[in-house]
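K.L.:
Data file data33.txt (compact mmCIF, C-alpha atoms and all ligand atoms) is appended below.
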# COMPACT_ATOMS: atom_id res chain seq x y z
CA LEU A 1 0.00 0.00 0.00
CA TYR A 2 2.84 2.35 0.92
CA THR A 3 4.37 1.92 -2.55
CA VAL A 4 1.05 2.63 -4.23
CA LEU A 5 0.58 5.79 -2.18
CA CYS A 6 4.11 6.90 -3.05
CA ILE A 7 3.44 6.40 -6.75
CA ILE A 8 0.16 8.30 -6.55
CA PHE A 9 1.87 11.13 -4.69
CA LEU A 10 4.69 11.22 -7.25
CA LEU A 11 2.27 11.37 -10.19
CA PHE A 12 0.31 14.08 -8.44
CA SER A 13 3.51 16.12 -7.87
CA VAL A 14 4.50 15.79 -11.50
CA VAL A 15 1.08 17.00 -12.67
CA ILE A 16 1.24 19.99 -10.29
CA ALA A 17 4.80 20.85 -11.31
CA PHE A 18 3.98 20.74 -15.01
CA GLY A 19 0.69 22.54 -14.56
CA ALA A 20 2.30 25.33 -12.59
CA GLY A 21 5.45 25.54 -14.64
CA LEU A 22 4.41 25.34 -18.27
CA ILE A 23 2.54 28.51 -19.12
CA GLN A 24 1.42 27.13 -22.50
CA LEU A 25 -0.61 24.37 -20.84
CA ASN A 26 -3.10 26.90 -19.41
CA TYR A 27 -3.53 24.41 -16.59
CA PHE A 28 -4.33 26.63 -13.61
CA VAL A 29 -4.26 30.13 -15.08
CA LYS A 30 -5.73 31.01 -18.45
CA SER A 31 -2.91 32.91 -20.11
CA ILE A 32 -2.91 34.47 -23.54
CA ASN A 33 0.05 32.73 -25.16
CA LYS A 34 -0.38 33.81 -28.76
CA GLY A 35 -2.15 36.36 -30.87
CA SER A 36 -5.21 35.90 -33.00
CA ASN A 37 -4.26 38.57 -35.52
CA LYS A 38 -1.61 38.85 -38.21
CA GLY A 39 1.90 39.73 -37.18
CA ILE A 40 4.12 39.04 -34.19
CA SER A 41 4.82 40.95 -30.97
CA PHE A 42 7.96 41.60 -28.96
CA THR A 43 7.85 41.55 -25.17
CA PHE A 44 10.72 42.44 -22.83
CA ASP A 45 10.78 41.21 -19.22
CA ASP A 46 12.70 42.01 -16.03
CA GLY A 47 13.59 45.66 -16.67
CA PRO A 48 13.78 48.54 -16.69
CA ASP A 49 17.55 48.30 -16.73
CA SER A 50 19.45 51.59 -16.62
CA SER A 51 21.99 50.42 -19.20
CA ILE A 52 20.17 47.99 -21.56
CA THR A 53 16.61 49.40 -21.67
CA PRO A 54 17.54 52.84 -23.12
CA GLN A 55 19.54 51.11 -25.86
CA ILE A 56 16.64 48.75 -26.65
CA LEU A 57 14.37 51.83 -26.86
CA ASP A 58 16.83 53.54 -29.23
CA LEU A 59 16.84 50.64 -31.64
CA LEU A 60 13.06 50.06 -31.48
CA ASN A 61 12.60 53.77 -32.15
CA LYS A 62 14.90 53.67 -35.13
CA GLU A 63 12.91 50.81 -36.68
CA ASN A 64 9.53 52.15 -35.53
CA VAL A 65 8.70 48.96 -33.63
CA LYS A 66 6.34 49.11 -30.63
CA ALA A 67 6.94 46.52 -27.90
CA THR A 68 5.62 45.59 -24.46
CA PHE A 69 7.77 45.88 -21.33
CA PHE A 70 6.83 43.71 -18.32
CA VAL A 71 8.56 45.69 -15.59
CA ILE A 72 9.64 44.73 -12.08
CA GLY A 73 8.24 47.27 -9.60
CA LYS A 74 11.35 47.67 -7.45
CA LYS A 75 13.49 48.36 -10.54
CA ILE A 76 11.32 51.21 -11.81
CA ASP A 77 13.20 54.42 -12.53
CA PRO A 78 10.39 56.96 -13.16
CA ASN A 79 12.21 58.75 -15.99
CA LEU A 80 12.89 55.51 -17.82
CA LEU A 81 9.29 54.30 -17.37
CA ILE A 82 8.02 57.64 -18.72
CA ARG A 83 10.30 57.25 -21.70
CA ILE A 84 9.02 53.70 -22.45
CA HIS A 85 5.43 54.92 -22.21
CA SER A 86 5.86 58.16 -24.15
CA GLU A 87 7.58 56.37 -27.03
CA GLY A 88 4.42 54.35 -27.61
CA HIS A 89 5.34 51.06 -25.97
CA THR A 90 3.04 49.14 -23.64
CA ILE A 91 3.82 48.60 -19.97
CA GLY A 92 2.86 45.40 -18.17
CA ASN A 93 3.09 44.19 -14.56
CA HIS A 94 5.78 41.63 -13.61
CA THR A 95 5.34 41.89 -9.78
CA PHE A 96 7.24 44.17 -7.40
CA ASN A 97 10.06 41.86 -6.29
CA HIS A 98 10.20 39.04 -8.88
CA SER A 99 10.63 36.72 -5.90
CA ARG A 100 12.22 33.30 -6.34
CA THR A 101 9.66 31.88 -3.93
CA ILE A 102 6.71 33.14 -5.98
CA ALA A 103 5.39 29.61 -6.62
CA SER A 104 4.79 29.02 -2.90
CA MET A 105 3.26 32.42 -2.08
CA SER A 106 -0.25 32.75 -0.69
CA THR A 107 -2.98 34.47 -2.69
CA THR A 108 -2.76 37.45 -0.31
CA SER A 109 1.01 37.79 -0.81
CA LEU A 110 0.62 37.52 -4.58
CA ILE A 111 -2.01 40.25 -4.58
CA LYS A 112 0.36 42.43 -2.53
CA GLU A 113 3.23 41.75 -4.97
CA ILE A 114 1.10 42.60 -8.00
CA ASN A 115 -0.56 45.63 -6.39
CA ALA A 116 2.77 47.13 -5.25
CA CYS A 117 4.02 47.01 -8.83
CA ALA A 118 0.73 48.40 -10.18
CA GLU A 119 0.83 51.30 -7.71
CA LYS A 120 4.39 52.20 -8.67
CA ILE A 121 3.47 52.21 -12.37
CA THR A 122 0.29 54.24 -11.78
CA GLU A 123 2.29 56.76 -9.74
CA VAL A 124 4.47 57.39 -12.80
CA ILE A 125 2.26 57.04 -15.89
CA GLY A 126 -1.17 57.64 -14.34
CA LYS A 127 -2.74 54.33 -15.32
CA SER A 128 -2.60 50.73 -14.24
CA PRO A 129 -1.59 47.83 -16.51
CA GLN A 130 -4.12 45.16 -17.30
CA PHE A 131 -1.46 42.77 -18.59
CA PHE A 132 0.44 40.62 -16.13
CA ARG A 133 3.28 38.24 -16.79
CA PRO A 134 4.05 35.76 -14.01
CA PRO A 135 7.74 35.62 -13.02
CA TYR A 136 9.38 32.40 -14.27
CA GLY A 137 6.11 31.62 -16.06
CA VAL A 138 4.82 30.13 -12.81
CA THR A 139 1.06 29.76 -12.81
CA THR A 140 -0.39 28.24 -9.65
CA PRO A 141 -4.06 28.07 -8.62
CA ARG A 142 -3.28 30.95 -6.23
CA PHE A 143 -2.20 33.09 -9.18
CA ASN A 144 -5.50 32.30 -10.80
CA ARG A 145 -7.37 33.52 -7.70
CA ALA A 146 -5.19 36.64 -7.39
CA LEU A 147 -5.58 37.62 -11.05
CA LYS A 148 -9.34 37.01 -10.96
CA GLN A 149 -9.68 39.27 -7.94
CA LEU A 150 -7.56 41.96 -9.59
CA LYS A 151 -9.32 41.47 -12.96
CA MET A 152 -5.98 41.22 -14.72
CA GLN A 153 -4.98 39.17 -17.75
CA SER A 154 -2.04 36.78 -17.63
CA ILE A 155 0.14 37.05 -20.72
CA GLY A 156 2.40 34.14 -21.56
CA TRP A 157 4.48 33.70 -24.69
CA THR A 158 4.61 31.60 -27.83
CA LEU A 159 8.37 31.73 -28.20
CA ARG A 160 10.82 31.92 -25.33
CA SER A 161 14.01 33.35 -26.80
CA PHE A 162 16.37 31.90 -24.16
CA ASP A 163 18.32 35.17 -24.33
CA THR A 164 19.25 34.77 -20.65
CA VAL A 165 20.76 31.34 -21.31
CA GLU A 166 22.21 31.16 -24.84
CA LYS A 167 25.61 32.79 -25.24
CA ASN A 168 26.08 32.41 -29.01
CA GLU A 169 24.45 35.24 -30.97
CA THR A 170 24.25 33.39 -34.28
CA VAL A 171 22.67 30.29 -32.71
CA LEU A 172 20.18 32.38 -30.77
CA LYS A 173 19.21 34.49 -33.80
CA LYS A 174 18.71 31.41 -36.01
CA LYS A 175 16.58 29.65 -33.38
CA ILE A 176 14.28 32.64 -33.00
CA ILE A 177 13.99 33.46 -36.70
CA SER A 178 13.13 29.86 -37.62
CA LYS A 179 10.12 29.91 -35.27
CA LEU A 180 8.46 33.22 -36.18
CA LYS A 181 4.95 32.94 -37.58
CA ASN A 182 1.71 34.90 -37.34
CA GLY A 183 0.49 35.25 -33.78
CA THR A 184 3.88 34.68 -32.14
CA ILE A 185 4.52 36.51 -28.86
CA VAL A 186 8.29 36.58 -28.36
CA LEU A 187 9.77 36.71 -24.87
CA PHE A 188 13.00 38.73 -24.57
CA HIS A 189 14.71 40.31 -21.56
CA ASP A 190 15.85 43.96 -21.59
CA THR A 191 18.63 43.02 -19.18
CA GLN A 192 20.95 41.20 -21.59
CA THR A 193 23.65 42.51 -23.92
CA ILE A 194 23.04 39.60 -26.30
CA THR A 195 19.42 40.77 -26.72
CA LEU A 196 20.67 44.20 -27.79
CA ASN A 197 22.86 42.55 -30.39
CA ILE A 198 20.27 40.21 -31.92
CA VAL A 199 17.09 42.34 -31.98
CA PRO A 200 18.21 44.54 -34.94
CA ASP A 201 18.85 41.46 -37.10
CA ILE A 202 15.55 39.89 -36.11
CA ILE A 203 13.73 43.11 -37.07
CA ALA A 204 15.64 43.19 -40.38
CA HIS A 205 14.65 39.56 -41.05
CA CYS A 206 10.99 40.39 -40.36
CA LYS A 207 11.07 43.38 -42.71
CA GLU A 208 12.68 41.35 -45.49
CA ASN A 209 10.14 38.56 -45.11
CA GLY A 210 6.99 40.62 -44.71
CA ILE A 211 6.47 39.66 -41.06
CA LYS A 212 4.79 42.60 -39.33
CA ILE A 213 5.85 43.43 -35.78
CA VAL A 214 2.74 44.84 -34.11
CA PRO A 215 2.00 46.06 -30.57
CA LEU A 216 0.78 43.30 -28.23
CA PRO A 217 -2.65 44.95 -27.63
CA THR A 218 -3.19 44.86 -31.41
CA LEU A 219 -2.03 41.24 -31.75
CA ILE A 220 -4.32 39.95 -29.00
CA ASN A 221 -7.19 42.50 -29.27
CA ALA A 222 -7.02 43.54 -25.62
CA ASP A 223 -6.87 46.77 -23.68
CA PRO A 224 -3.51 47.19 -21.91
CA TYR A 225 -4.68 49.54 -19.15
CA VAL A 226 -7.60 49.96 -16.76
ZN ZN A 301 10.94 37.68 -15.21
Turn the structure described in the file into C-alpha cells.
P.N.:
Amino acid sequence: LYTVLCIIFLLFSVVIAFGAGLIQLNYFVKSINKGSNKGISFTFDDGPDSSITPQILDLLNKENVKATFFVIGKKIDPNLLIRIHSEGHTIGNHTFNHSRTIASMSTTSLIKEINACAEKITEVIGKSPQFFRPPYGVTTPRFNRALKQLKMQSIGWTLRSFDTVEKNETVLKKKIISKLKNGTIVLFHDTQTITLNIVPDIIAHCKENGIKIVPLPTLINADPYV
C-alpha cells in the first residue's frame, strides 16, 4: 500500500509541477500565449535596466517597432518608465520583487506583490496595466485567484528566446527566426547585452520577409490599461 501511495503522490507532484510551470498548458491560469491577428509581438521582461533598456528603446525607435515591457516594480526608474510609455510602448506588470519563492506564495502575498508594482506604475504614468506576466512563467491556482480578484490578464508567450541562457548570438538568432509565424509573442529580456545585439537582425529579417511586428494589444485584441 505504501508503494502505491508513493506512486500516486509522485504522479500528483509531477502534474502539479507541469501545470504550474508550463505557461502554455493553461492548466491553472488562463494565459494568452499567442495572438489571433496577423503579425508578431515583442515583449521584454525584467527591466527597466538603466543600461540595456535605453539602448533597446533607441533601436526600437529607429525601426519604428512598438513593444511591451513587463517591468519589475522595485526596478522602476520613473524617468525611464516615462520614456518607455511616451515612445508608444506598452507597460505590463511583472510583480514588485520578482521573488524566487513566488510559486509558494499565498494568494494574499501575490495580490500584494502585483498591487505594489501596479501602484508604482500608476504613480508614474497615471494608469494601471491590465497585462500581467508571471515571473518564471509560474502559474499556480493561487495566481488564478489573485488575477481574478484583480481582474488582470495573464500574458504568456509563444516563443521563449532563451536570451538569458544562450551565449552564441548566431545560434540564438537562427533559433528565433526559424520559429516566427503569425500570432507569435516573443519573450525577450531587456537586461541582456546579447538581446541588444540580436534584436536589430531579427527586425531586419521580419522586414525582409513581410512579417509585421505589431503592438501586443493589437495582436491579441485587448486593452492594456484599466
Ligand atoms: Zn521575469
K.L.:
Could you list, as a PyMOL selection string, all the residues within 6 Å of ligand ZN 301 (chain A), counting only C-alpha atoms and all ligand atoms?
P.N.:
chain A and resi 45-46+135-136
K.L.:
Just the number, please: distance in Å from CA of Thr218 in chain A to CA of Thr139 in chain A, one decimal.
P.N.:
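The value is 24.3 Å.
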K.L.:
Provide the CA of Ile125 in chain A to CA of Asp49 in chain A distance in Å, to one decimal place.
P.N.:
17.6 Å
K.L.:
Counting only C-alpha atoms, give me one row per residue of range 29-59 of chain A with an atom at most 9 Å from an atom of range 152-161 of chain A, showing the shortest contact pair and its distance in Å to one decimal, sorted by chain then residue number, as a tab-separated table.
P.N.:
residue	atom	partner	partner_atom	distance
A:Val29	CA	A:Ser154	CA	7.5
A:Lys30	CA	A:Ser154	CA	6.9
A:Ser31	CA	A:Ser154	CA	4.7
A:Ile32	CA	A:Ile155	CA	4.9
A:Asn33	CA	A:Gly156	CA	4.5
A:Lys34	CA	A:Thr158	CA	5.5
A:Gly35	CA	A:Thr158	CA	8.8
A:Thr43	CA	A:Trp157	CA	8.6
K.L.:
Could you tell me which of A:Pro141, A:Gly47, A:Gly183, A:Gly126 comes closest to Met105 in chain A if we count all atoms listed in the file?
P.N.:
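Of A:Pro141, A:Gly47, A:Gly183, A:Gly126, the one nearest Met105 in chain A is A:Pro141, counting all atoms listed in the file.
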K.L.:
Excluding range 84-98 of chain A and any residue of its chain fewer than 5 positions from it, enumerate the residues within 9 Å of it, using all atoms listed in the file, and give them as a ChimeraX atom specification.
P.N.:
/A:45-46,53-54,57,61,65-75,79,110,112-118,120-121,125,128-136,215-217,224-225
K.L.:
Suppose you want the space between CA of Ile8 in chain A and CA of Ser104 in chain A; what is it in Å?
P.N.:
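Between CA of Ile8 in chain A and CA of Ser104 in chain A the gap is 21.5 Å.
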K.L.:
Place a sphere of radius 12 Å on (11.2, 40.7, -40.1) in the file coordinates and name every protein, DNA or RNA residue with an atom inside or on its surface, counting all atoms listed in the file; give the answer as a VMD selection string.
P.N.:
chain A and resid 39 to 42 63 65 173 176 to 182 199 to 214
K.L.:
So that I can check the surroundings of Ile194 in chain A, please list as a list in words every protein, DNA and RNA residue that reaches within 8 Å of it, counting only C-alpha atoms and ignoring chain neighbours fewer than 4 positions away.
P.N.:
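Here the answer would be Asp163, Lys167, Glu169 and Ile198 of chain A.
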K.L.:
Mind checking which residues fall within 10 Å of Phe143 in chain A, counting only C-alpha atoms, ignoring those fewer than 3 positions away in the same chain, and posting them as a PyMOL selection string?
P.N.:
chain A and resi 20+28-29+102-103+105-108+110-111+134+138-140+146-149+154
K.L.:
For Ser50 in chain A, which residue out of A:Leu80, A:Leu150, A:Glu123, A:Ser109 is the nearest one, using all atoms listed in the file?
P.N.:
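Going through A:Leu80, A:Leu150, A:Glu123, A:Ser109 one by one, the smallest distance to Ser50 in chain A is for A:Leu80.
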K.L.:
Select, from A:Lys151, A:Thr195, A:Thr101, A:Thr184, the residue with the minimum atom-to-atom distance to Thr164 in chain A, counting only C-alpha atoms.
P.N.:
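Closest candidate: A:Thr195.
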K.L.:
Please reconstruct the missing atoms of range 114-135 of chain A (target: N, CA, C and O atoms) and return them as a PDB file, in the frame of the given file.
P.N.:
ATOM      1  N   ILE A 114       1.610  42.049  -6.741  1.00  0.00           N
ATOM      2  CA  ILE A 114       1.100  42.600  -8.000  1.00  0.00           C
ATOM      3  C   ILE A 114       0.643  44.046  -7.795  1.00  0.00           C
ATOM      4  O   ILE A 114       0.956  44.929  -8.598  1.00  0.00           O
ATOM      5  N   ASN A 115      -0.068  44.281  -6.676  1.00  0.00           N
ATOM      6  CA  ASN A 115      -0.560  45.630  -6.390  1.00  0.00           C
ATOM      7  C   ASN A 115       0.574  46.638  -6.182  1.00  0.00           C
ATOM      8  O   ASN A 115       0.481  47.782  -6.622  1.00  0.00           O
ATOM      9  N   ALA A 116       1.643  46.217  -5.506  1.00  0.00           N
ATOM     10  CA  ALA A 116       2.770  47.130  -5.250  1.00  0.00           C
ATOM     11  C   ALA A 116       3.386  47.586  -6.568  1.00  0.00           C
ATOM     12  O   ALA A 116       3.746  48.757  -6.733  1.00  0.00           O
ATOM     13  N   CYS A 117       3.478  46.665  -7.515  1.00  0.00           N
ATOM     14  CA  CYS A 117       4.020  47.010  -8.830  1.00  0.00           C
ATOM     15  C   CYS A 117       3.045  47.933  -9.568  1.00  0.00           C
ATOM     16  O   CYS A 117       3.453  48.947 -10.152  1.00  0.00           O
ATOM     17  N   ALA A 118       1.760  47.599  -9.505  1.00  0.00           N
ATOM     18  CA  ALA A 118       0.730  48.400 -10.180  1.00  0.00           C
ATOM     19  C   ALA A 118       0.720  49.834  -9.646  1.00  0.00           C
ATOM     20  O   ALA A 118       0.634  50.792 -10.423  1.00  0.00           O
ATOM     21  N   GLU A 119       0.844  49.961  -8.313  1.00  0.00           N
ATOM     22  CA  GLU A 119       0.830  51.300  -7.710  1.00  0.00           C
ATOM     23  C   GLU A 119       2.001  52.140  -8.180  1.00  0.00           C
ATOM     24  O   GLU A 119       1.871  53.320  -8.487  1.00  0.00           O
ATOM     25  N   LYS A 120       3.176  51.504  -8.227  1.00  0.00           N
ATOM     26  CA  LYS A 120       4.390  52.200  -8.670  1.00  0.00           C
ATOM     27  C   LYS A 120       4.225  52.700 -10.117  1.00  0.00           C
ATOM     28  O   LYS A 120       4.584  53.829 -10.451  1.00  0.00           O
ATOM     29  N   ILE A 121       3.666  51.842 -10.960  1.00  0.00           N
ATOM     30  CA  ILE A 121       3.470  52.210 -12.370  1.00  0.00           C
ATOM     31  C   ILE A 121       2.449  53.353 -12.474  1.00  0.00           C
ATOM     32  O   ILE A 121       2.672  54.341 -13.182  1.00  0.00           O
ATOM     33  N   THR A 122       1.346  53.219 -11.740  1.00  0.00           N
ATOM     34  CA  THR A 122       0.290  54.240 -11.780  1.00  0.00           C
ATOM     35  C   THR A 122       0.817  55.588 -11.308  1.00  0.00           C
ATOM     36  O   THR A 122       0.472  56.630 -11.871  1.00  0.00           O
ATOM     37  N   GLU A 123       1.664  55.545 -10.271  1.00  0.00           N
ATOM     38  CA  GLU A 123       2.290  56.760  -9.740  1.00  0.00           C
ATOM     39  C   GLU A 123       3.027  57.521 -10.854  1.00  0.00           C
ATOM     40  O   GLU A 123       3.039  58.739 -10.887  1.00  0.00           O
ATOM     41  N   VAL A 124       3.635  56.779 -11.767  1.00  0.00           N
ATOM     42  CA  VAL A 124       4.470  57.390 -12.800  1.00  0.00           C
ATOM     43  C   VAL A 124       3.706  57.723 -14.079  1.00  0.00           C
ATOM     44  O   VAL A 124       3.845  58.820 -14.621  1.00  0.00           O
ATOM     45  N   ILE A 125       2.901  56.785 -14.589  1.00  0.00           N
ATOM     46  CA  ILE A 125       2.260  57.040 -15.890  1.00  0.00           C
ATOM     47  C   ILE A 125       0.754  57.326 -15.767  1.00  0.00           C
ATOM     48  O   ILE A 125       0.094  57.570 -16.772  1.00  0.00           O
ATOM     49  N   GLY A 126       0.223  57.257 -14.549  1.00  0.00           N
ATOM     50  CA  GLY A 126      -1.170  57.640 -14.340  1.00  0.00           C
ATOM     51  C   GLY A 126      -2.197  56.606 -14.735  1.00  0.00           C
ATOM     52  O   GLY A 126      -3.395  56.895 -14.752  1.00  0.00           O
ATOM     53  N   LYS A 127      -1.772  55.402 -15.064  1.00  0.00           N
ATOM     54  CA  LYS A 127      -2.740  54.330 -15.320  1.00  0.00           C
ATOM     55  C   LYS A 127      -2.140  52.980 -14.937  1.00  0.00           C
ATOM     56  O   LYS A 127      -0.920  52.850 -14.843  1.00  0.00           O
ATOM     57  N   SER A 128      -3.033  52.017 -14.759  1.00  0.00           N
ATOM     58  CA  SER A 128      -2.600  50.730 -14.240  1.00  0.00           C
ATOM     59  C   SER A 128      -2.667  49.648 -15.323  1.00  0.00           C
ATOM     60  O   SER A 128      -3.674  49.519 -16.013  1.00  0.00           O
ATOM     61  N   PRO A 129      -1.583  48.868 -15.480  1.00  0.00           N
ATOM     62  CA  PRO A 129      -1.590  47.830 -16.510  1.00  0.00           C
ATOM     63  C   PRO A 129      -2.626  46.750 -16.250  1.00  0.00           C
ATOM     64  O   PRO A 129      -2.882  46.377 -15.108  1.00  0.00           O
ATOM     65  N   GLN A 130      -3.168  46.264 -17.332  1.00  0.00           N
ATOM     66  CA  GLN A 130      -4.120  45.160 -17.300  1.00  0.00           C
ATOM     67  C   GLN A 130      -3.377  43.846 -17.543  1.00  0.00           C
ATOM     68  O   GLN A 130      -3.810  42.790 -17.129  1.00  0.00           O
ATOM     69  N   PHE A 131      -2.236  43.962 -18.228  1.00  0.00           N
ATOM     70  CA  PHE A 131      -1.460  42.770 -18.590  1.00  0.00           C
ATOM     71  C   PHE A 131      -0.497  42.409 -17.479  1.00  0.00           C
ATOM     72  O   PHE A 131       0.224  43.260 -16.953  1.00  0.00           O
ATOM     73  N   PHE A 132      -0.457  41.117 -17.162  1.00  0.00           N
ATOM     74  CA  PHE A 132       0.440  40.620 -16.130  1.00  0.00           C
ATOM     75  C   PHE A 132       1.212  39.426 -16.661  1.00  0.00           C
ATOM     76  O   PHE A 132       0.643  38.528 -17.288  1.00  0.00           O
ATOM     77  N   ARG A 133       2.514  39.442 -16.443  1.00  0.00           N
ATOM     78  CA  ARG A 133       3.280  38.240 -16.790  1.00  0.00           C
ATOM     79  C   ARG A 133       3.878  37.649 -15.530  1.00  0.00           C
ATOM     80  O   ARG A 133       4.623  38.307 -14.820  1.00  0.00           O
ATOM     81  N   PRO A 134       3.534  36.384 -15.234  1.00  0.00           N
ATOM     82  CA  PRO A 134       4.050  35.760 -14.010  1.00  0.00           C
ATOM     83  C   PRO A 134       5.566  35.520 -14.100  1.00  0.00           C
ATOM     84  O   PRO A 134       6.037  35.007 -15.111  1.00  0.00           O
ATOM     85  N   PRO A 135       6.301  35.905 -13.053  1.00  0.00           N
ATOM     86  CA  PRO A 135       7.740  35.620 -13.020  1.00  0.00           C
ATOM     87  C   PRO A 135       7.982  34.122 -13.210  1.00  0.00           C
ATOM     88  O   PRO A 135       7.252  33.307 -12.655  1.00  0.00           O
TER      89      PRO A 135
END
